[in-house]
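What follows is a single structure, written as structure tokens, with notes after it.
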Amino acid sequence: MDLGTTIGCILGSALIVLAIAIGGLDKLIIFWDMPSVLIVFGGAIASVMIAYPMKTVLKTLNVTKMTFVNKEHSPIDAIMQIVSLAETARRDGLLALENRMEEISDPFLAGGIRMAVDGMSPEVVESIMNTEIDAINGRHNSGKGLIANYGKYCPAFGMIGTLIGLVLMLADLDPATIGQGMAVALLTTLYGAVASNLFLLPMADKLGFLNDDELLVMDITLKGVIAIQAGENPRVIKQKLMTYITPNERPEDEEAAV
Amino acid sequence: MDLGTTIGCILGSALIVLAIAIGGLDKLIIFWDMPSVLIVFGGAIASVMIAYPMKTVLKTLNVTKMTFVNKEHSPIDAIMQIVSLAETARRDGLLALENRMEEISDPFLAGGIRMAVDGMSPEVVESIMNTEIDAINGRHNSGKGLIANYGKYCPAFGMIGTLIGLVLMLADLDPATIGQGMAVALLTTLYGAVASNLFLLPMADKLGFLNDDELLVMDITLKGVIAIQAGENPRVIKQKLMTYITPNERPEDEEAAV
Amino acid sequence: MDLGTTIGCILGSALIVLAIAIGGLDKLIIFWDMPSVLIVFGGAIASVMIAYPMKTVLKTLNVTKMTFVNKEHSPIDAIMQIVSLAETARRDGLLALENRMEEISDPFLAGGIRMAVDGMSPEVVESIMNTEIDAINGRHNSGKGLIANYGKYCPAFGMIGTLIGLVLMLADLDPATIGQGMAVALLTTLYGAVASNLFLLPMADKLGFLNDDELLVMDITLKGVIAIQAGENPRVIKQKLMTYITPNERPEDEEAAV
Amino acid sequence: MDLGTTIGCILGSALIVLAIAIGGLDKLIIFWDMPSVLIVFGGAIASVMIAYPMKTVLKTLNVTKMTFVNKEHSPIDAIMQIVSLAETARRDGLLALENRMEEISDPFLAGGIRMAVDGMSPEVVESIMNTEIDAINGRHNSGKGLIANYGKYCPAFGMIGTLIGLVLMLADLDPATIGQGMAVALLTTLYGAVASNLFLLPMADKLGFLNDDELLVMDITLKGVIAIQAGENPRVIKQKLMTYITPNERPEDEEAAV
Amino acid sequence: MDLGTTIGCILGSALIVLAIAIGGLDKLIIFWDMPSVLIVFGGAIASVMIAYPMKTVLKTLNVTKMTFVNKEHSPIDAIMQIVSLAETARRDGLLALENRMEEISDPFLAGGIRMAVDGMSPEVVESIMNTEIDAINGRHNSGKGLIANYGKYCPAFGMIGTLIGLVLMLADLDPATIGQGMAVALLTTLYGAVASNLFLLPMADKLGFLNDDELLVMDITLKGVIAIQAGENPRVIKQKLMTYITPNERPEDEEAAV
């Protein structure tokens, strides 16, 4: 699990609070304004709802969670399990994999093996698994895109909020309150800038990296299932799949064995 | 039908009205200025008329409507109908499809089947259907592009309006009205920002997603018509076309059947 | 001929004049400042002369005119003429096209037929016609690029003019004239924004659409000449070339005939 | 030689001087500030030295000169010389080209012919000439990129200079000098904007066009050398190479001859 | 080693210090504000930690160091060593390379030769070496991307800091301190602009150039190892690999020899 998102969020928030509170803790209250919160975050949600299909919007909270709590996708573990399955298939036939189905925790690998055991043609297995990879990739990308778009609309609504505040203040110029009016007007721009640059745009980037990791393991799994179905030698399968991993990420003894 | 556009438009507008009216409902009137409306929206229309061919401009209202009222394009339904047609063609010959023409509601599928029944060569059928797909895609993309361009020109004319207002105000500086002059000048920038970020840019994105959905069904239809014409086994056709759909979108019993 | 450019230019200009004159026609004079005109439009011309080869700059006025007065490129008419020529070639031999040369008004088609009649090898004919298509495309693209660049430099020189105005005003601060100084300084920014957003950037887009239309007809012509030279059946040529056109743009009787 | 760069630089500079001097020639002195010059142009040089390898930085002055004083690369002349060499090779054998080496002024063509005469295999000749083309292209592109980057950093250091000026002025607010302080602070922004938009970005574009011209001639030369080495008929070589040139750029008699 | 980064950093910093200190060395102290430093650089670090996987963040200091202290990657030296190894392999067999392993300082070349000596199949050797190249490239690109992103977030946090400073100042308007408040508020924008434009963005560019140099040598090494394993003639290997280098970078005598 990558703790970067959690640490980054805490560090960034703490620094901003610190920068404000350095002149006195009572200053913090100046920076809270409920209508400003509504216009920036609510407005950006409205834009995103117009831009994205409803089902993508609903899945987003889940996607955001992934940047905090993500399970590691280990290509080494995937290769080890595929090689072990290949050994069983080599020794006892493809149907013997039936008995090992429940020890497979990755549903993508399980699905692939099941199709192979069920005797589907290799072309169809490959095509179905590729569709699944494309679908996961598409889902992740639209999740990432939604967060990035939300990060683009927040500063826009920050500017809209500031413009509304300025018009209200200017239409009723009063030297006594002009400073406070401006201060409140600027808050929406500040909210938008922080939301976008500290949270949303970086999270969208992180989702991209997590997606890359997951797709690598899925690619390895697809190649592995095809190789098992073709009855290839487990040693050869291992050698082939290991080329997906850089030498210094390979387990010591593995590298020797290759 | 995706209600996101409708909900988003209402939510966003309500939030902006709320943000203005929080200091009193009478403030709302400050934010209405007819010349500002004309320069922002009229000016952006003028730019779009220069940029796009006349026929594309005229079709735009229709395209915008699609983001509110869009018919679902279900790939499952398309596959089911194609498989059913394939069964008829397998059993009673390609010409038997003649009798089922009127139950086909999708004009793209109907056109493809008609060409097959009329005995046109598969290459020509594929080429004509591909041209049609490209044309639909091109039409959608230029519609999407026009909305996105309109969303780009609105803030530009917002800035132009503000500059005109500032020059007018500065050329005749009067401390008593400077505030109101500035307020009115800023309105065009506000109009442009809201039109672009709350409505136009998100709608252009939504049009892209709707286009993707429609093209997927058209791709499936094209592959299906070619397969029917080639006299392929309906079960094989179904299996092939189902690979276009991700497993968790497939009907339960279908997945088992595959 | 597409009247959009003309209508858009008039509409946009009228709206801007209206927005200025709403407070009195005498305000219009405030918005005219000769040195500002020189620095924005002259400066941008200087930049474009540095950026583009001299010959491209000289051809630009011509290119701009195309956005107002453009001849329609009808793919249907092109196909009809090619099919008619193909019939002559089929019936009376390739050399018989010699007699029909003067009725061909499109110089690209005429050049292609001439080369075919002169007995040049099909590969050379295709290669020369492709070079011509690439050259037209390149010429249009550099014309479009030049207009788009002019549209990029105008706001830049608008900003430069405003900066010069501000420095002059600030170096000699006089409360009595500060407003007018600022007003004049802002004019260059206004000029640059209007020139760019109302005229130049949209015109560059329109040039792109006109180019697409012309290239489509040239592609069809190239395919047609090759087919005529190969002695293909006119009916087959027509069917092939018609696939370049979307069904609802085809003439009614043509579609039936296909 | 393209005089556009020279004319554009003079025209643009004259217009800016004019815009300043219109209120009196004594105003010109306000616009000169040595520290501002240093921070904008020196700072941008520092950034470029960090960004680019030292050898690329050192070659830049040379590259910039090319936008003023560039030798024409005529594809027609190149083709004529290649055809003439091909005739010699056809008539008297490849080795006879030895005697014509000194009349070849283009070192790229000379190098190619030398390798052919020396009997290197056509694959190696093509590979070496392609590496040379890639190297020239790479060198030009990094020269162009450096100028474009310099044009990007100038406005950035303009803004940095203005910020420094503003901080100095604000930290020691004195109503009597505030105007002059602001005026001087704005000069760096002005310098950056002029340097970037009038000189650097357009020059980078011009370098791109000059590169395209040179690469076209090199491509023609490569194809010509290969054809000479293969002993092709000079007439066929000419016909092939002429397809690189658009008809209306071909010499009158040549077009007839083709 | 490229000294450009070191010289550029010193030159740029000196110019900025000079621009500040020109009005008196005591002005320098105005430009130091600890909370501003924290919010700009700490905030940008927080964003980068959210955006990038933890392991990439940790490797960054190392990557940045590379822009100052980089070892030259000489393609000529690499080719010379490969040719020398090829001669040994030709004369005494592939296994004789065993004895020359320790004189190979480049671990990538050593790894490739080791695999060849160990008798792995050429396809696997090529695949493993390609994976290694992709991995190095990916590692460099994510290092470069991180620096570029840090360079993007610094100005963003500069703006956030300025907004916080403005809100604090405006909420408590005091004519006596307004200037100093503004001055301090602007410092974060200045920090962000300097960090981004003088250091981070140029360094990201330099990393790209260093990566290109290293990948060129790795490509040459890969081709060389494959050729040695295939038992190719050392002279032919040299000729082939030399085509990767432009003529004027080749050693004088080498060019003659080719």
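Residue numbers start at 1 in each chain; chains themselves are named A, B, ... in the order of the structure tokens; ligands are numbered from 1 in the order shown.
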Practice task
Do me a favour and pick out the residues of chain A within 7 Å of chain E, using only C-alpha atoms, as a PyMOL selection string.
Solution key: chain A and resi 2+4-5+8-9+11-12+15-16+19-20+179-180+182-183+186+190+193-194+197-198+202-203+205-206+243-244+246
With C-alpha atoms kept, could you save the residues just selected as a PDB file, in the first residue's frame?
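Below you can see again06.pdb, which holds the result:
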ATOM      1  CA  ASP A   2       1.302   3.398  -0.986  1.00  0.00           C
ATOM      2  CA  GLY A   4       2.147   8.825  -0.158  1.00  0.00           C
ATOM      3  CA  THR A   5      -1.398  10.112  -0.669  1.00  0.00           C
ATOM      4  CA  GLY A   8       0.878  14.255   1.293  1.00  0.00           C
ATOM      5  CA  CYS A   9      -2.667  15.262   2.233  1.00  0.00           C
ATOM      6  CA  LEU A  11       1.492  17.493   5.201  1.00  0.00           C
ATOM      7  CA  GLY A  12      -0.082  19.881   2.699  1.00  0.00           C
ATOM      8  CA  LEU A  15       1.394  23.617   6.034  1.00  0.00           C
ATOM      9  CA  ILE A  16      -1.566  25.688   4.861  1.00  0.00           C
ATOM     10  CA  ALA A  19       0.831  29.528   7.143  1.00  0.00           C
ATOM     11  CA  ILE A  20      -2.503  31.000   8.192  1.00  0.00           C
ATOM     12  CA  GLY A 179     -11.326  45.009   2.808  1.00  0.00           C
ATOM     13  CA  GLN A 180     -13.494  42.299   4.306  1.00  0.00           C
ATOM     14  CA  MET A 182     -12.447  41.528  -0.934  1.00  0.00           C
ATOM     15  CA  ALA A 183     -11.124  39.019   1.591  1.00  0.00           C
ATOM     16  CA  LEU A 186     -10.831  35.909  -2.628  1.00  0.00           C
ATOM     17  CA  LEU A 190      -8.150  30.128  -2.661  1.00  0.00           C
ATOM     18  CA  ALA A 193      -6.578  26.560  -6.005  1.00  0.00           C
ATOM     19  CA  VAL A 194      -5.984  24.380  -2.947  1.00  0.00           C
ATOM     20  CA  ASN A 197      -3.363  21.687  -6.796  1.00  0.00           C
ATOM     21  CA  LEU A 198      -3.048  19.951  -3.443  1.00  0.00           C
ATOM     22  CA  PRO A 202      -2.141  14.949  -7.868  1.00  0.00           C
ATOM     23  CA  MET A 203      -4.736  12.255  -7.097  1.00  0.00           C
ATOM     24  CA  ASP A 205      -1.864  11.409 -11.459  1.00  0.00           C
ATOM     25  CA  LYS A 206      -1.616   8.759  -8.752  1.00  0.00           C
ATOM     26  CA  THR A 243      11.126 -10.412 -19.100  1.00  0.00           C
ATOM     27  CA  TYR A 244       8.227  -8.129 -18.103  1.00  0.00           C
ATOM     28  CA  THR A 246      13.278  -5.298 -14.643  1.00  0.00           C
TER      29      THR A 246
END
Handout entry: Residues near Leu97 in chain D, cut-off 8 Å, only C-alpha atoms, skip fewer than 3 positions along chain, as a ChimeraX atom specification
Key = /D:85,88-89,93-94,100-101,113,117
Emit the selected residues as an mmCIF file, in the first residue's frame, including all heavy atoms.
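Generated output (part.cif):
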data_model
loop_
_atom_site.group_PDB
_atom_site.id
_atom_site.type_symbol
_atom_site.label_atom_id
_atom_site.label_comp_id
_atom_site.auth_asym_id
_atom_site.auth_seq_id
_atom_site.Cartn_x
_atom_site.Cartn_y
_atom_site.Cartn_z
ATOM 1 N N LEU D 85 24.676 13.715 -62.948
ATOM 2 C CA LEU D 85 25.605 12.698 -62.439
ATOM 3 C C LEU D 85 25.161 11.308 -62.879
ATOM 4 O O LEU D 85 25.987 10.454 -63.225
ATOM 5 C CB LEU D 85 25.676 12.762 -60.909
ATOM 6 C CG LEU D 85 26.319 14.025 -60.326
ATOM 7 C CD1 LEU D 85 26.094 14.093 -58.816
ATOM 8 C CD2 LEU D 85 27.823 14.056 -60.625
ATOM 9 N N THR D 88 26.311 10.599 -66.396
ATOM 10 C CA THR D 88 27.725 10.225 -66.423
ATOM 11 C C THR D 88 27.907 8.776 -65.977
ATOM 12 O O THR D 88 28.613 7.978 -66.612
ATOM 13 C CB THR D 88 28.537 11.154 -65.488
ATOM 14 O OG1 THR D 88 28.341 12.489 -65.906
ATOM 15 C CG2 THR D 88 30.017 10.800 -65.519
ATOM 16 N N ALA D 89 27.254 8.421 -64.853
ATOM 17 C CA ALA D 89 27.402 7.075 -64.303
ATOM 18 C C ALA D 89 26.892 6.033 -65.295
ATOM 19 O O ALA D 89 27.472 4.957 -65.455
ATOM 20 C CB ALA D 89 26.639 6.962 -62.969
ATOM 21 N N GLY D 93 30.162 4.582 -66.312
ATOM 22 C CA GLY D 93 30.340 3.753 -65.127
ATOM 23 C C GLY D 93 30.413 4.601 -63.870
ATOM 24 O O GLY D 93 30.722 5.798 -63.899
ATOM 25 N N LEU D 94 30.142 3.948 -62.740
ATOM 26 C CA LEU D 94 30.062 4.633 -61.456
ATOM 27 C C LEU D 94 31.380 5.319 -61.111
ATOM 28 O O LEU D 94 31.407 6.419 -60.544
ATOM 29 C CB LEU D 94 29.720 3.589 -60.379
ATOM 30 C CG LEU D 94 28.907 4.042 -59.164
ATOM 31 C CD1 LEU D 94 27.665 4.804 -59.586
ATOM 32 C CD2 LEU D 94 28.528 2.840 -58.311
ATOM 33 N N ARG D 100 34.054 13.998 -61.247
ATOM 34 C CA ARG D 100 33.120 15.117 -61.134
ATOM 35 C C ARG D 100 32.916 15.543 -59.681
ATOM 36 O O ARG D 100 32.100 16.427 -59.393
ATOM 37 C CB ARG D 100 31.772 14.723 -61.758
ATOM 38 C CG ARG D 100 31.917 14.411 -63.261
ATOM 39 C CD ARG D 100 30.585 14.353 -63.945
ATOM 40 N NE ARG D 100 29.783 15.553 -63.724
ATOM 41 C CZ ARG D 100 28.506 15.655 -64.041
ATOM 42 N NH1 ARG D 100 27.870 14.618 -64.582
ATOM 43 N NH2 ARG D 100 27.828 16.767 -63.814
ATOM 44 N N MET D 101 33.660 14.905 -58.789
ATOM 45 C CA MET D 101 33.495 15.185 -57.358
ATOM 46 C C MET D 101 33.621 16.666 -57.036
ATOM 47 O O MET D 101 32.861 17.200 -56.243
ATOM 48 C CB MET D 101 34.537 14.408 -56.536
ATOM 49 C CG MET D 101 34.274 12.918 -56.404
ATOM 50 S SD MET D 101 32.620 12.500 -55.795
ATOM 51 C CE MET D 101 32.770 13.040 -54.092
ATOM 52 N N ILE D 113 27.871 10.352 -52.992
ATOM 53 C CA ILE D 113 28.503 9.890 -54.233
ATOM 54 C C ILE D 113 29.848 9.214 -53.932
ATOM 55 O O ILE D 113 30.162 8.145 -54.459
ATOM 56 C CB ILE D 113 28.715 11.086 -55.204
ATOM 57 C CG1 ILE D 113 27.366 11.665 -55.648
ATOM 58 C CG2 ILE D 113 29.541 10.667 -56.418
ATOM 59 C CD1 ILE D 113 26.537 10.765 -56.514
ATOM 60 N N VAL D 117 30.970 5.561 -55.016
ATOM 61 C CA VAL D 117 32.175 5.316 -55.811
ATOM 62 C C VAL D 117 33.111 4.344 -55.096
ATOM 63 O O VAL D 117 33.733 3.479 -55.717
ATOM 64 C CB VAL D 117 32.903 6.650 -56.108
ATOM 65 C CG1 VAL D 117 34.288 6.404 -56.702
ATOM 66 C CG2 VAL D 117 32.053 7.508 -57.042
#
Near range 69-72 of chain E, counting only C-alpha atoms, which residues have an atom at most 12 Å away, once you skip same-chain residues fewer than 2 positions from it, shown as a CSV table (one decimal) with all heavy atoms, in the first residue's frame?
chain,number,residue,atom,x,y,z
D,53,PRO,N,22.1,20.9,-23.2
D,53,PRO,CA,23.5,20.5,-23.2
D,53,PRO,C,24.4,21.7,-23.7
D,53,PRO,O,24.0,22.5,-24.6
D,53,PRO,CB,23.7,19.4,-24.2
D,53,PRO,CG,22.3,18.8,-24.3
D,53,PRO,CD,21.3,20.0,-24.1
E,1,MET,N,31.3,15.5,-18.5
E,1,MET,CA,30.3,16.1,-17.6
E,1,MET,C,29.9,17.5,-18.1
E,1,MET,O,30.7,18.3,-18.5
E,1,MET,CB,31.0,16.3,-16.2
E,1,MET,CG,30.0,16.4,-15.1
E,1,MET,SD,30.8,16.3,-13.5
E,1,MET,CE,31.0,18.0,-13.2
E,2,ASP,N,28.6,17.7,-18.1
E,2,ASP,CA,28.0,19.0,-18.6
E,2,ASP,C,28.0,20.0,-17.4
E,2,ASP,O,27.2,19.8,-16.5
E,2,ASP,CB,26.7,18.7,-19.2
E,2,ASP,CG,26.2,19.8,-20.0
E,2,ASP,OD1,26.0,20.9,-19.4
E,2,ASP,OD2,25.9,19.6,-21.2
E,3,LEU,N,28.7,21.1,-17.5
E,3,LEU,CA,28.7,22.0,-16.4
E,3,LEU,C,27.6,23.1,-16.5
E,3,LEU,O,27.5,23.9,-15.7
E,3,LEU,CB,30.1,22.8,-16.4
E,3,LEU,CG,31.2,21.9,-15.8
E,3,LEU,CD1,32.6,22.6,-16.0
E,3,LEU,CD2,31.0,21.8,-14.3
E,4,GLY,N,26.8,23.0,-17.6
E,4,GLY,CA,25.8,24.0,-17.9
E,4,GLY,C,24.9,24.2,-16.7
E,4,GLY,O,24.5,25.3,-16.3
E,5,THR,N,24.4,23.1,-16.0
E,5,THR,CA,23.5,23.2,-14.9
E,5,THR,C,24.1,24.0,-13.8
E,5,THR,O,23.5,24.9,-13.2
E,5,THR,CB,23.1,21.8,-14.4
E,5,THR,OG1,22.7,21.0,-15.5
E,5,THR,CG2,22.0,21.9,-13.4
E,6,THR,N,25.4,23.7,-13.4
E,6,THR,CA,26.1,24.4,-12.4
E,6,THR,C,26.2,25.9,-12.7
E,6,THR,O,25.8,26.8,-11.9
E,6,THR,CB,27.5,23.8,-12.1
E,6,THR,OG1,27.3,22.4,-12.1
E,6,THR,CG2,28.0,24.3,-10.8
E,62,ASN,N,18.4,11.8,-6.0
E,62,ASN,CA,19.5,11.2,-6.8
E,62,ASN,C,19.4,11.7,-8.3
E,62,ASN,O,20.4,12.0,-8.9
E,62,ASN,CB,19.2,9.7,-6.8
E,62,ASN,CG,20.5,8.9,-6.7
E,62,ASN,OD1,21.5,9.6,-6.3
E,62,ASN,ND2,20.6,7.7,-7.0
E,63,VAL,N,18.1,11.7,-8.8
E,63,VAL,CA,17.9,12.1,-10.2
E,63,VAL,C,18.3,13.5,-10.4
E,63,VAL,O,19.0,13.9,-11.4
E,63,VAL,CB,16.4,11.9,-10.5
E,63,VAL,CG1,16.1,12.6,-11.8
E,63,VAL,CG2,16.1,10.4,-10.7
E,64,THR,N,18.0,14.4,-9.4
E,64,THR,CA,18.3,15.8,-9.6
E,64,THR,C,19.8,16.0,-9.6
E,64,THR,O,20.4,16.8,-10.4
E,64,THR,CB,17.8,16.6,-8.4
E,64,THR,OG1,16.4,16.1,-8.1
E,64,THR,CG2,17.8,18.1,-8.6
E,65,LYS,N,20.5,15.2,-8.8
E,65,LYS,CA,22.0,15.3,-8.7
E,65,LYS,C,22.6,15.0,-10.1
E,65,LYS,O,23.6,15.6,-10.5
E,65,LYS,CB,22.5,14.2,-7.7
E,65,LYS,CG,23.7,14.7,-6.9
E,65,LYS,CD,24.1,13.6,-6.0
E,65,LYS,CE,24.4,12.3,-6.8
E,65,LYS,NZ,24.6,11.1,-5.8
E,66,MET,N,21.9,14.1,-10.9
E,66,MET,CA,22.4,13.8,-12.2
E,66,MET,C,22.5,15.0,-13.1
E,66,MET,O,23.4,15.0,-14.0
E,66,MET,CB,21.5,12.8,-12.9
E,66,MET,CG,21.9,11.3,-12.7
E,66,MET,SD,20.6,10.3,-13.5
E,66,MET,CE,20.8,10.8,-15.2
E,67,THR,N,21.7,16.0,-12.9
E,67,THR,CA,21.8,17.2,-13.8
E,67,THR,C,23.0,18.0,-13.5
E,67,THR,O,23.5,18.7,-14.4
E,67,THR,CB,20.6,18.1,-13.7
E,67,THR,OG1,20.5,18.6,-12.3
E,67,THR,CG2,19.3,17.4,-13.9
E,74,SER,N,29.6,7.9,-23.9
E,74,SER,CA,30.2,8.0,-25.2
E,74,SER,C,29.9,6.9,-26.1
E,74,SER,O,30.3,5.7,-25.8
E,74,SER,CB,31.8,8.1,-25.0
E,74,SER,OG,32.4,7.8,-26.2
E,75,PRO,N,29.1,7.1,-27.1
E,75,PRO,CA,28.8,6.0,-28.0
E,75,PRO,C,30.1,5.5,-28.7
E,75,PRO,O,30.1,4.3,-29.0
E,75,PRO,CB,27.9,6.7,-29.1
E,75,PRO,CG,27.9,8.1,-28.8
E,75,PRO,CD,28.5,8.4,-27.5
E,76,ILE,N,31.1,6.3,-29.0
E,76,ILE,CA,32.3,5.8,-29.6
E,76,ILE,C,33.0,4.8,-28.8
E,76,ILE,O,33.3,3.7,-29.2
E,76,ILE,CB,33.3,7.0,-29.9
E,76,ILE,CG1,32.7,8.1,-30.8
E,76,ILE,CG2,34.6,6.5,-30.4
E,76,ILE,CD1,32.6,7.7,-32.2
E,77,ASP,N,33.2,5.1,-27.5
E,77,ASP,CA,33.8,4.2,-26.6
E,77,ASP,C,33.1,2.9,-26.5
E,77,ASP,O,33.7,1.8,-26.5
E,77,ASP,CB,33.9,4.8,-25.1
E,77,ASP,CG,34.8,6.0,-25.1
E,77,ASP,OD1,35.5,6.3,-26.1
E,77,ASP,OD2,34.9,6.6,-24.0
E,78,ALA,N,31.7,3.0,-26.5
E,78,ALA,CA,30.9,1.7,-26.4
E,78,ALA,C,31.2,0.9,-27.6
E,78,ALA,O,31.4,-0.3,-27.5
E,78,ALA,CB,29.4,2.1,-26.3
E,106,ASP,N,30.6,-1.0,-18.0
E,106,ASP,CA,29.2,-0.8,-18.1
E,106,ASP,C,28.4,-2.0,-17.8
E,106,ASP,O,28.4,-3.0,-18.4
E,106,ASP,CB,28.9,-0.4,-19.6
E,106,ASP,CG,27.4,-0.2,-19.9
E,106,ASP,OD1,26.6,-0.2,-18.9
E,106,ASP,OD2,27.1,0.0,-21.1
E,206,LYS,N,16.8,19.1,-19.0
E,206,LYS,CA,18.2,18.5,-19.1
E,206,LYS,C,18.1,17.0,-18.8
E,206,LYS,O,18.8,16.3,-19.5
E,206,LYS,CB,19.1,19.2,-18.0
E,206,LYS,CG,20.5,18.7,-17.9
E,206,LYS,CD,21.4,19.0,-19.1
E,206,LYS,CE,22.0,20.4,-19.3
E,206,LYS,NZ,22.7,21.1,-18.4
E,207,LEU,N,17.3,16.6,-17.9
E,207,LEU,CA,17.2,15.1,-17.6
E,207,LEU,C,16.8,14.4,-18.9
E,207,LEU,O,17.2,13.3,-19.2
E,207,LEU,CB,16.2,14.9,-16.5
E,207,LEU,CG,16.7,15.2,-15.1
E,207,LEU,CD1,15.5,15.0,-14.1
E,207,LEU,CD2,17.8,14.2,-14.7
E,209,PHE,N,17.5,15.3,-22.0
E,209,PHE,CA,18.7,15.1,-22.9
E,209,PHE,C,19.6,14.1,-22.4
E,209,PHE,O,20.2,13.3,-23.2
E,209,PHE,CB,19.4,16.5,-23.0
E,209,PHE,CG,18.6,17.5,-23.8
E,209,PHE,CD1,18.0,18.6,-23.2
E,209,PHE,CD2,18.5,17.4,-25.2
E,209,PHE,CE1,17.3,19.5,-24.0
E,209,PHE,CE2,17.8,18.3,-25.9
E,209,PHE,CZ,17.2,19.4,-25.3
E,210,LEU,N,19.9,14.0,-21.1
E,210,LEU,CA,20.8,13.0,-20.5
E,210,LEU,C,20.2,11.6,-20.8
E,210,LEU,O,21.0,10.7,-21.1
E,210,LEU,CB,21.0,13.2,-19.0
E,210,LEU,CG,21.7,14.5,-18.6
E,210,LEU,CD1,21.7,14.7,-17.1
E,210,LEU,CD2,23.2,14.5,-19.1
E,211,ASN,N,18.9,11.5,-20.7
E,211,ASN,CA,18.3,10.2,-20.9
E,211,ASN,C,18.5,9.8,-22.4
E,211,ASN,O,18.8,8.6,-22.7
E,211,ASN,CB,16.8,10.3,-20.6
E,211,ASN,CG,16.1,9.0,-20.8
E,211,ASN,OD1,16.6,7.9,-20.5
E,211,ASN,ND2,14.9,9.0,-21.3
E,212,ASP,N,18.3,10.7,-23.3
E,212,ASP,CA,18.5,10.4,-24.7
E,212,ASP,C,19.9,9.9,-25.0
E,212,ASP,O,20.1,8.9,-25.7
E,212,ASP,CB,18.3,11.7,-25.6
E,212,ASP,CG,16.8,12.1,-25.6
E,212,ASP,OD1,16.0,11.3,-25.1
E,212,ASP,OD2,16.5,13.2,-26.1
E,213,ASP,N,20.9,10.6,-24.4
E,213,ASP,CA,22.3,10.1,-24.6
E,213,ASP,C,22.5,8.7,-24.1
E,213,ASP,O,23.1,7.9,-24.7
E,213,ASP,CB,23.3,11.1,-23.8
E,213,ASP,CG,23.5,12.4,-24.5
E,213,ASP,OD1,22.9,12.6,-25.6
E,213,ASP,OD2,24.1,13.3,-23.9
E,214,GLU,N,22.0,8.4,-22.9
E,214,GLU,CA,22.2,7.1,-22.3
E,214,GLU,C,21.5,6.0,-23.1
E,214,GLU,O,22.0,5.0,-23.3
E,214,GLU,CB,21.7,7.1,-20.8
E,214,GLU,CG,22.0,5.8,-20.1
E,214,GLU,CD,21.9,5.9,-18.6
E,214,GLU,OE1,21.7,7.0,-18.1
E,214,GLU,OE2,22.0,4.9,-17.9
E,217,VAL,N,23.4,4.9,-26.2
E,217,VAL,CA,24.5,4.0,-25.9
E,217,VAL,C,23.9,2.6,-25.6
E,217,VAL,O,24.5,1.6,-26.1
E,217,VAL,CB,25.4,4.5,-24.8
E,217,VAL,CG1,26.3,3.4,-24.3
E,217,VAL,CG2,26.1,5.7,-25.2
Practice task
Provide the CA of Gly158 in chain D to CA of Tyr191 in chain D distance in Å, to one decimal place.
Solution key: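 Separation between CA of Gly158 in chain D and CA of Tyr191 in chain D: 6.6 Å.
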Practice task
Select from range 14-236 of chain D everything DSSP, run on the backbone, classes as alpha helix (DSSP H), then give the selection as an NGL selection string.
Solution key: :D and (14-21 or 34-37 or 43-51 or 54-58 or 60-68 or 75-92 or 107-117 or 122-170 or 178-194 or 201-229 or 234-236)
Handout entry: Contacts of Val236 in chain C within 12 Å, only C-alpha atoms, excl. fewer than 5 positions in-chain, as a PyMOL selection string
Key = (chain B and resi 120-121+124) or (chain C and resi 79+82-83+86-87+224+227-228+231+241-243+257-258)
